[in-house]
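Data block for target.txt (compact mmCIF, C-alpha atoms):
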```txt
# COMPACT_ATOMS: atom_id res chain seq x y z
CA ALA A 901 0.00 0.00 0.00
CA ASP A 902 2.79 2.41 -0.96
CA ASP A 903 0.85 3.93 -3.90
CA ILE A 904 3.56 2.73 -6.27
CA LEU A 905 2.61 0.38 -9.12
CA GLU A 906 5.34 -2.21 -9.01
CA PRO A 907 6.08 -4.79 -11.74
CA GLY A 908 3.74 -7.74 -11.31
CA GLU A 909 1.16 -5.81 -9.32
CA VAL A 910 -2.44 -5.57 -10.52
CA TRP A 911 -4.56 -2.62 -9.50
CA THR A 912 -8.33 -2.91 -9.94
CA TYR A 913 -10.52 0.17 -10.21
CA LYS A 914 -14.27 0.23 -9.84
CA ALA A 915 -16.40 3.00 -11.31
CA THR A 916 -19.79 3.59 -9.72
CA GLY A 917 -22.69 5.78 -10.77
CA VAL A 918 -26.30 5.91 -11.88
CA ALA A 919 -27.06 4.24 -15.21
CA LEU A 920 -28.55 6.69 -17.69
CA GLU A 921 -31.45 6.39 -20.11
CA LEU A 922 -29.13 6.27 -23.06
CA GLU A 923 -31.77 6.73 -25.76
CA GLN A 924 -32.65 10.08 -24.16
CA SER A 925 -29.12 11.22 -23.39
CA ASN A 926 -26.91 13.66 -25.31
CA LEU A 927 -23.77 12.60 -23.49
CA PRO A 928 -20.55 11.94 -25.36
CA ASN A 929 -19.14 8.42 -25.59
CA LEU A 930 -22.41 6.97 -26.87
CA VAL A 931 -22.20 4.24 -29.50
CA PRO A 932 -25.53 3.65 -31.27
CA ASP A 933 -26.81 0.29 -32.53
CA ALA A 934 -24.06 -1.60 -30.70
CA CYS A 935 -25.24 -4.12 -28.12
CA ARG A 936 -26.62 -7.37 -29.53
CA GLN A 937 -25.32 -9.92 -27.00
CA GLY A 938 -23.68 -11.89 -29.80
CA ASP A 939 -26.87 -12.16 -31.90
CA LEU A 940 -26.48 -10.19 -35.14
CA ASN A 941 -30.23 -10.51 -35.78
CA ALA A 942 -31.17 -8.93 -32.46
CA PRO A 943 -32.12 -5.24 -32.42
CA GLY A 944 -29.11 -3.09 -31.61
CA ARG A 945 -29.01 -0.84 -28.56
CA THR A 946 -27.03 2.21 -27.56
CA ALA A 947 -23.88 1.63 -25.50
CA TYR A 948 -22.18 4.07 -23.14
CA THR A 949 -18.40 3.65 -23.10
CA ASN A 950 -16.28 4.94 -20.25
CA GLN A 951 -12.54 5.30 -20.79
CA GLY A 952 -10.29 4.60 -17.83
CA LYS A 953 -6.65 5.66 -17.97
CA VAL A 954 -3.75 4.72 -15.70
CA THR A 955 -0.58 6.83 -15.98
CA ILE A 956 2.86 6.16 -14.54
CA PRO A 957 6.12 7.94 -15.38
CA GLY A 958 6.87 7.18 -19.00
CA GLU A 959 3.83 4.93 -19.55
CA GLU A 960 0.07 4.96 -19.64
CA ALA A 961 -2.68 2.43 -20.35
CA VAL A 962 -6.27 2.97 -21.41
CA ASP A 963 -9.10 0.53 -21.03
CA SER A 964 -12.80 0.90 -21.65
CA SER A 965 -15.91 -0.32 -19.92
CA SER A 966 -19.42 -0.19 -21.34
CA TYR A 967 -23.02 -0.73 -20.46
CA CYS A 968 -26.20 -0.81 -22.49
CA ASN A 969 -29.82 -0.10 -21.84
CA PRO A 970 -31.85 -3.26 -21.15
CA PRO A 971 -32.52 -5.23 -24.34
CA LEU A 972 -35.64 -4.07 -26.14
CA TYR A 973 -36.94 -7.60 -26.29
CA ILE A 974 -37.05 -7.80 -22.49
CA LEU A 975 -40.18 -5.66 -22.76
CA TYR A 976 -41.73 -8.14 -25.15
CA LEU A 977 -40.35 -11.46 -23.96
CA PRO A 978 -43.30 -13.83 -23.69
CA ILE A 979 -41.48 -16.22 -21.34
CA VAL A 980 -40.96 -14.24 -18.18
CA THR A 981 -39.96 -16.88 -15.64
CA GLY A 982 -38.79 -20.46 -15.71
CA THR A 983 -35.96 -22.82 -14.90
CA LYS A 984 -35.58 -23.74 -18.58
CA PRO A 985 -36.68 -21.63 -21.57
CA SER A 986 -38.52 -24.63 -23.00
CA CYS A 987 -40.67 -25.08 -19.89
CA PRO A 988 -41.63 -21.57 -18.75
CA ASP A 989 -43.59 -20.91 -15.59
CA THR A 990 -45.42 -18.06 -17.29
CA TRP A 991 -45.90 -16.83 -20.84
CA GLY A 992 -48.11 -14.41 -22.73
CA MET A 993 -49.43 -13.83 -26.23
CA ALA A 994 -52.10 -12.05 -28.24
CA VAL A 995 -54.46 -13.53 -30.80
CA GLY A 996 -56.46 -11.43 -33.27
CA PHE A 997 -58.84 -12.23 -36.11
CA GLU A 998 -60.22 -11.07 -39.42
CA ASP A 999 -63.79 -12.36 -39.55
CA VAL A 1000 -64.36 -12.10 -43.33
CA ARG A 1001 -62.56 -13.74 -46.22
CA GLN A 1002 -60.51 -11.88 -48.79
CA TYR A 1003 -62.79 -13.02 -51.61
CA PHE A 1004 -65.79 -11.31 -49.97
CA GLY A 1005 -63.99 -8.01 -50.61
CA LEU A 1006 -64.59 -6.65 -47.10
CA ILE A 1007 -61.37 -7.64 -45.33
CA ASP A 1008 -59.26 -4.77 -43.96
CA TYR A 1009 -56.42 -6.73 -42.34
CA ASP A 1010 -56.52 -4.84 -39.04
CA TYR A 1011 -56.87 -8.16 -37.17
CA ASN A 1012 -59.00 -6.53 -34.48
CA ASP A 1013 -62.44 -7.97 -35.28
CA TRP A 1014 -61.83 -10.00 -32.15
CA LEU A 1015 -58.63 -9.73 -30.16
CA ALA A 1016 -57.67 -11.28 -26.84
CA HIS A 1017 -54.55 -11.53 -24.74
CA ILE A 1018 -53.78 -14.91 -23.23
CA HIS A 1019 -51.43 -15.44 -20.31
CA GLY A 1020 -50.35 -18.94 -19.34
CA GLN A 1021 -49.15 -20.32 -16.04
CA MET A 1022 -47.48 -23.73 -15.95
CA LYS A 1023 -46.91 -25.80 -12.84
CA TYR A 1024 -44.19 -28.43 -12.86
CA ASP A 1025 -43.56 -31.19 -10.35
CA ASN A 1026 -39.96 -31.13 -11.51
CA PRO A 1027 -38.98 -27.95 -13.35
CA PHE A 1028 -35.62 -29.42 -14.41
CA THR A 1029 -37.28 -32.26 -16.33
CA CYS A 1030 -40.34 -30.15 -17.24
CA ASP A 1031 -42.81 -32.57 -15.63
CA LEU A 1032 -46.07 -30.67 -16.10
CA SER A 1033 -48.84 -31.10 -13.53
CA GLN A 1034 -51.15 -28.15 -14.33
CA VAL A 1035 -51.71 -25.42 -16.92
CA ASP A 1036 -53.78 -22.26 -16.45
CA PHE A 1037 -55.00 -20.04 -19.30
CA LEU A 1038 -55.94 -16.48 -18.30
CA ILE A 1039 -57.94 -14.98 -21.16
CA THR A 1040 -58.56 -11.24 -21.30
CA PRO A 1041 -60.52 -9.84 -24.27
CA SER A 1042 -58.98 -6.65 -25.63
CA ALA A 1043 -60.98 -5.49 -28.64
CA ARG A 1044 -63.97 -6.24 -30.85
CA GLY A 1045 -63.75 -4.21 -34.02
CA ALA A 1046 -66.67 -5.95 -35.70
CA GLN A 1047 -70.41 -6.03 -36.04
CA ASN A 1048 -70.42 -9.79 -36.58
CA ASP A 1049 -70.97 -11.97 -33.53
CA HIS A 1050 -68.67 -14.85 -32.70
CA THR A 1051 -67.92 -17.69 -30.30
CA PHE A 1052 -64.38 -17.90 -28.95
CA HIS A 1053 -62.91 -21.34 -28.19
CA VAL A 1054 -59.75 -22.87 -26.79
CA ARG A 1055 -59.21 -26.29 -28.31
CA ILE A 1056 -56.65 -28.83 -27.12
CA PRO A 1057 -55.97 -31.29 -29.96
CA PRO A 1058 -55.87 -35.01 -29.15
CA ASP A 1059 -52.67 -36.26 -27.51
CA THR A 1060 -51.31 -32.78 -26.90
CA PHE A 1061 -50.90 -33.81 -23.27
CA ALA A 1062 -49.84 -37.23 -22.01
CA SER A 1063 -52.24 -37.47 -19.08
CA ASP A 1064 -55.96 -37.28 -18.43
CA GLY A 1065 -57.20 -34.93 -15.78
CA ALA A 1066 -59.78 -32.41 -14.62
CA TYR A 1067 -60.64 -28.95 -15.93
CA THR A 1068 -62.30 -25.86 -14.48
CA LEU A 1069 -63.56 -23.01 -16.64
CA THR A 1070 -64.45 -19.85 -14.70
CA LEU A 1071 -65.92 -16.63 -16.06
CA TYR A 1072 -65.50 -13.29 -14.28
CA ASP A 1073 -67.28 -9.96 -14.53
CA GLN A 1074 -65.49 -6.67 -15.20
CA ASP A 1075 -64.72 -6.34 -11.48
CA ASN A 1076 -63.09 -9.79 -11.50
CA ASN A 1077 -65.92 -11.41 -9.53
CA PRO A 1078 -66.71 -15.02 -10.54
CA ILE A 1079 -70.03 -15.26 -12.38
CA SER A 1080 -69.99 -18.91 -13.49
CA SER A 1081 -67.87 -22.02 -13.21
CA ASP A 1082 -67.90 -25.32 -15.06
CA SER A 1083 -65.74 -28.31 -14.22
CA GLY A 1084 -65.31 -31.89 -15.27
CA SER A 1085 -62.83 -34.50 -16.43
CA PHE A 1086 -61.07 -34.72 -19.75
CA SER A 1087 -59.30 -37.43 -21.72
CA ALA A 1088 -55.95 -36.51 -23.20
CA SER A 1089 -56.65 -38.66 -26.29
CA ALA A 1090 -59.87 -36.77 -27.06
CA ASP A 1091 -60.41 -33.51 -28.90
CA ASN A 1092 -61.04 -31.13 -25.99
CA ASP A 1093 -62.89 -28.05 -27.19
CA PHE A 1094 -63.77 -25.43 -24.59
CA VAL A 1095 -66.22 -22.64 -25.37
CA ILE A 1096 -64.74 -19.66 -23.55
CA PHE A 1097 -67.13 -16.88 -24.66
CA SER A 1098 -70.35 -18.06 -26.29
CA LYS A 1099 -71.04 -14.61 -27.75
CA THR A 1100 -68.35 -11.98 -28.15
CA SER A 1101 -71.14 -9.38 -28.24
CA MET A 1102 -71.71 -10.15 -24.54
CA VAL A 1103 -68.09 -9.23 -23.84
CA PHE A 1104 -67.89 -6.01 -25.88
CA PRO A 1105 -70.30 -3.88 -27.91
CA ASP A 1106 -69.59 -3.41 -31.61
CA LEU A 1107 -66.35 -1.57 -32.50
CA THR A 1108 -64.90 -1.57 -28.98
CA ASN A 1109 -61.30 -0.49 -28.32
CA THR A 1110 -60.48 0.07 -31.98
CA ILE A 1111 -61.49 3.72 -32.49
CA GLU A 1112 -59.17 6.10 -30.68
CA LEU A 1113 -61.77 8.82 -29.98
CA LEU A 1114 -64.21 6.45 -28.25
CA PRO A 1115 -63.82 5.51 -24.56
CA GLN A 1116 -61.69 2.49 -23.80
CA LEU A 1117 -63.83 -0.24 -22.24
CA THR A 1118 -63.04 -3.03 -19.82
CA PRO A 1119 -64.35 -6.41 -21.00
CA ALA A 1120 -67.63 -7.40 -19.40
CA ILE A 1121 -66.34 -10.97 -19.15
CA SER A 1122 -62.89 -12.53 -18.78
CA ALA A 1123 -62.02 -16.17 -18.18
CA THR A 1124 -59.61 -18.69 -16.72
CA LEU A 1125 -59.27 -22.29 -17.87
CA THR A 1126 -57.37 -24.64 -15.56
CA MET A 1127 -56.32 -28.14 -16.59
CA GLU A 1128 -54.94 -30.31 -13.80
CA PHE A 1129 -53.36 -33.61 -14.79
CA ASP A 1130 -53.68 -36.97 -13.04
CA LEU A 1131 -50.00 -37.74 -13.56
CA PRO A 1132 -47.15 -35.32 -14.29
CA PHE A 1133 -45.43 -35.78 -17.65
CA PRO A 1134 -42.57 -34.10 -19.53
CA PHE A 1135 -43.87 -31.20 -21.60
CA GLU A 1136 -41.81 -28.54 -23.37
CA PHE A 1137 -42.71 -25.82 -25.84
CA ASP A 1138 -41.21 -22.65 -27.25
CA LEU A 1139 -43.68 -19.85 -27.86
CA MET A 1140 -41.15 -18.06 -30.05
CA LYS A 1141 -41.32 -20.89 -32.60
CA ILE A 1142 -44.96 -20.32 -33.49
CA ASP A 1143 -45.60 -18.50 -36.73
CA SER A 1144 -47.97 -15.55 -37.13
CA HIS A 1145 -50.97 -17.79 -37.76
CA GLY A 1146 -50.62 -20.06 -34.73
CA ASN A 1147 -48.84 -23.01 -36.32
CA SER A 1148 -46.83 -24.98 -33.72
CA LEU A 1149 -48.88 -23.52 -30.87
CA PHE A 1150 -49.88 -26.36 -28.54
CA PHE A 1151 -53.49 -25.19 -28.37
CA ASP A 1152 -55.93 -23.74 -30.89
CA PRO A 1153 -57.53 -20.42 -29.84
CA TYR A 1154 -60.12 -20.36 -32.60
CA LEU A 1155 -63.08 -18.20 -33.58
CA GLU A 1156 -66.46 -19.33 -34.82
CA LEU A 1157 -68.75 -16.85 -36.55
CA SER A 1158 -72.43 -16.99 -35.75
CA PRO A 1159 -74.36 -19.02 -38.35
CA GLY A 1160 -75.42 -17.10 -41.43
CA GLU A 1161 -72.96 -14.23 -41.06
CA HIS A 1162 -71.30 -15.14 -44.37
CA PRO A 1163 -73.19 -17.71 -46.47
CA GLY A 1164 -70.86 -20.05 -48.30
CA TRP A 1165 -68.30 -20.11 -45.51
CA ASP A 1166 -68.38 -22.23 -42.36
CA GLY A 1167 -67.09 -19.25 -40.35
CA LEU A 1168 -64.37 -21.21 -38.54
CA ILE A 1169 -60.93 -19.64 -38.08
CA HIS A 1170 -58.51 -22.20 -36.68
CA GLN A 1171 -54.76 -22.01 -36.06
CA GLY A 1172 -52.91 -21.97 -39.35
CA ASP A 1173 -55.60 -19.82 -40.97
CA GLU A 1174 -54.45 -16.54 -42.53
CA ASN A 1175 -57.40 -14.87 -40.77
CA MET A 1176 -55.79 -15.61 -37.39
CA LEU A 1177 -52.88 -13.53 -36.13
CA THR A 1178 -50.82 -14.82 -33.20
CA VAL A 1179 -48.17 -12.68 -31.55
CA PRO A 1180 -45.86 -13.97 -28.78
CA GLU A 1181 -46.19 -10.64 -27.04
CA PRO A 1182 -48.40 -10.07 -23.98
CA HIS A 1183 -48.53 -6.29 -24.57
CA PHE A 1184 -49.16 -6.26 -28.32
CA SER A 1185 -50.44 -2.96 -29.78
CA TRP A 1186 -53.07 -3.56 -32.46
CA PRO A 1187 -54.15 -1.31 -35.36
CA GLU A 1188 -56.94 1.22 -35.21
CA GLU A 1189 -60.16 0.36 -37.01
CA ASN A 1190 -59.84 -0.29 -40.78
CA TRP A 1191 -56.07 0.34 -40.86
CA PRO A 1192 -54.28 -2.71 -42.35
CA ILE A 1193 -51.51 -3.98 -40.13
CA CYS A 1194 -49.07 -3.64 -43.06
CA GLU A 1195 -49.79 0.11 -43.03
CA VAL A 1196 -49.10 0.28 -39.29
CA TYR A 1197 -45.96 -1.81 -38.74
CA ASP A 1198 -42.76 -1.70 -40.81
CA PRO A 1199 -43.76 -2.60 -44.40
CA ASN A 1200 -40.45 -4.37 -44.85
CA TYR A 1201 -41.58 -6.87 -42.24
CA VAL A 1202 -45.34 -7.05 -42.96
CA LYS A 1203 -46.16 -7.12 -46.65
CA PHE A 1204 -48.17 -8.82 -49.37
CA GLU A 1205 -46.68 -11.39 -51.72
CA LYS A 1206 -48.37 -13.66 -54.23
CA ASP A 1207 -48.29 -17.38 -53.54
CA GLN A 1208 -47.83 -20.07 -56.19
CA ASN A 1209 -51.56 -19.98 -56.95
CA GLY A 1210 -51.58 -16.26 -57.65
CA LYS A 1211 -53.28 -15.31 -54.39
CA TRP A 1212 -52.08 -12.30 -52.43
CA VAL A 1213 -50.90 -13.47 -49.00
CA LEU A 1214 -49.85 -11.26 -46.11
CA ILE A 1215 -46.31 -12.18 -45.05
CA PHE A 1216 -45.04 -11.60 -41.51
CA GLU A 1217 -41.26 -11.66 -41.19
CA PRO A 1218 -39.67 -12.92 -37.94
CA ASN A 1219 -39.92 -10.44 -35.06
CA TRP A 1220 -42.11 -8.09 -37.11
CA TRP A 1221 -43.90 -6.89 -33.97
CA LEU A 1222 -40.59 -5.63 -32.53
CA GLN A 1223 -40.12 -3.21 -35.41
CA ASP A 1224 -41.21 0.41 -35.51
CA HIS A 1225 -44.87 1.24 -35.93
CA ASN A 1226 -46.60 4.51 -36.68
CA THR A 1227 -49.40 6.24 -34.76
CA ARG A 1228 -52.14 4.12 -36.33
CA ILE A 1229 -52.08 1.78 -33.35
CA TYR A 1230 -54.92 1.85 -30.86
CA GLY A 1231 -54.24 3.23 -27.41
CA ASP A 1232 -51.61 5.89 -28.11
CA GLY A 1233 -54.11 8.76 -27.78
CA ILE A 1234 -53.60 9.84 -31.40
CA SER A 1235 -56.56 9.33 -33.71
CA SER A 1236 -55.70 8.35 -37.28
CA GLY A 1237 -59.27 8.97 -38.36
CA GLU A 1238 -61.12 7.00 -40.97
CA ARG A 1239 -58.91 5.35 -43.56
CA PRO A 1240 -59.47 6.94 -46.99
CA SER A 1241 -61.27 4.72 -49.45
CA GLN A 1242 -58.70 3.58 -51.96
CA LEU A 1243 -58.03 0.74 -54.32
CA LEU A 1244 -54.66 -0.29 -52.92
CA THR A 1245 -53.99 -2.04 -49.62
CA CYS A 1246 -50.37 -1.71 -48.55
CA GLY A 1247 -49.55 -0.80 -52.14
CA VAL A 1248 -51.29 -3.88 -53.54
CA ASP A 1249 -54.47 -4.24 -55.61
CA LEU A 1250 -56.08 -7.19 -53.86
CA SER A 1251 -58.73 -7.44 -56.59
CA THR A 1252 -56.06 -9.08 -58.79
CA SER A 1253 -55.81 -12.02 -56.38
CA SER A 1254 -57.15 -15.38 -57.48
CA THR A 1255 -60.04 -16.80 -55.44
CA PRO A 1256 -59.91 -20.19 -53.75
```
Output the file's structure as structure tokens, nothing else.
Amino acid sequence: ADDILEPGEVWTYKATGVALELEQSNLPNLVPDACRQGDLNAPGRTAYTNQGKVTIPGEEAVDSSSYCNPPLYILYLPIVTGTKPSCPDTWGMAVGFEDVRQYFGLIDYDYNDWLAHIHGQMKYDNPFTCDLSQVDFLITPSARGAQNDHTFHVRIPPDTFASDGAYTLTLYDQDNNPISSDSGSFSASADNDFVIFSKTSMVFPDLTNTIELLPQLTPAISATLTMEFDLPFPFEFDLMKIDSHGNSLFFDPYLELSPGEHPGWDGLIHQGDENMLTVPEPHFSWPEENWPICEVYDPNYVKFEKDQNGKWVLIFEPNWWLQDHNTRIYGDGISSGERPSQLLTCGVDLSTSSTP
């Protein structure tokens, strides 16, 4: 402790301070678009670099230390807790629907005709081997930008789970008081189809939470579905591997239009259907009424392309929901007004699409 740096000695310095909101800072030493944690496809973040210098007679050394703002995807990460990423304790997602077909000529691609957020809670007997003993679905309706009425289901395809068990479906009022409960047993080898909301019009009036100038409403009904298994079994899934139409999702959150809404169509929108939009994001911001999602989010990530049959298909690139969006989302307090009537949708004339 003679304050002399001798050969072979190592001096360690620690800098302390309050981390800054780097995106809002005009400090020097900021490096934009830098931090990706080794993933070149991850969105870059601003880094703050601090230069430390040690000087001795005839010599000096400079070293840098950096920190970044929290990763943007932390705000959107659907798996929020868990011992292993493939068996999360909790997860969240949004599911939205278009309730008319493209060939009817009425589709606007805002995916808010019915929209709900679903949060899952998984209970494991052994979290290290992912032995699942119970799953809870917490279903909160978010918007109904339609005049059509619907029934909303959660379907568990046969053999999704490896054990039979018991279920409880509970509905709650807007103050979270239970208003009904149904329970029973289920067979894992059967097609288990649960009607969550028999009429979406009982949950929301027409055009709810899609027009910025109208009051935001709390759903009149929300729901929980609990499935408790007789025997724990290994069960793993990765919500980030689902595509934008629900493929690879272990359950089917599907919509059924009321009979007669569109003659010539059965009115069923199951996972894998282009009329279903699934987003592994529990805080997803949806478009305002009549604004196509490809005119709201980055058009490089959400765009129309023709398939091999000549039909225009809306393409969602990976992580599209993490990209920039404009003010045509619902809930930002900025009204985009009524979309002007025009031939093109996202720069495409959909009338040139072949019909099924």
Problem set entry | Distance of atom CA of A:Ile1039 from atom CA of A:Leu1071, expressed in Å to one decimal place | 9.6 Å
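Distance annotation: of A:Asp1232, A:Glu906, A:Asp1013, A:Asp1025, the residue with the minimal separation from A:Asp1106 is A:Asp1013; atom set is only C-alpha atoms.
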Exercise. Of the candidates A:Asp963, A:Glu1128, A:Asp1008, A:Glu1195, which shows the shortest atom-to-atom distance to A:Thr949, using all atoms listed in the file?
Worked result: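 Closest residue, counting all atoms listed in the file: A:Asp963.
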Exercise. Could you work out how far atom CA of A:Met1176 lies from atom CA of A:Val1202, giving the answer in Å with one decimal?
Worked result: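 Atom CA of A:Met1176 lies 14.6 Å from atom CA of A:Val1202.
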Exercise. So which residues touch A:Ala1088 within 8 Å, counting all atoms listed in the file, skipping near sequence neighbours fewer than 5 positions away, as a ChimeraX atom specification?
Worked result: /A:1058-1065
For this session: Check the smallest atom-to-atom distance from each of A:Tyr1230, A:Phe1052, A:Phe1028, A:Phe1086 to A:Tyr1067 using only C-alpha atoms, then report the winner.
Result: A:Phe1086
For this session: With a distance cut-off of 10 Å and all atoms listed in the file, select the neighbouring residues of A:Ser1185, excluding the residue or stretch itself and same-chain residues fewer than 6 positions from it, and output the selection as a PyMOL selection string.
Result: chain A and resi 994+1221+1225+1228-1232
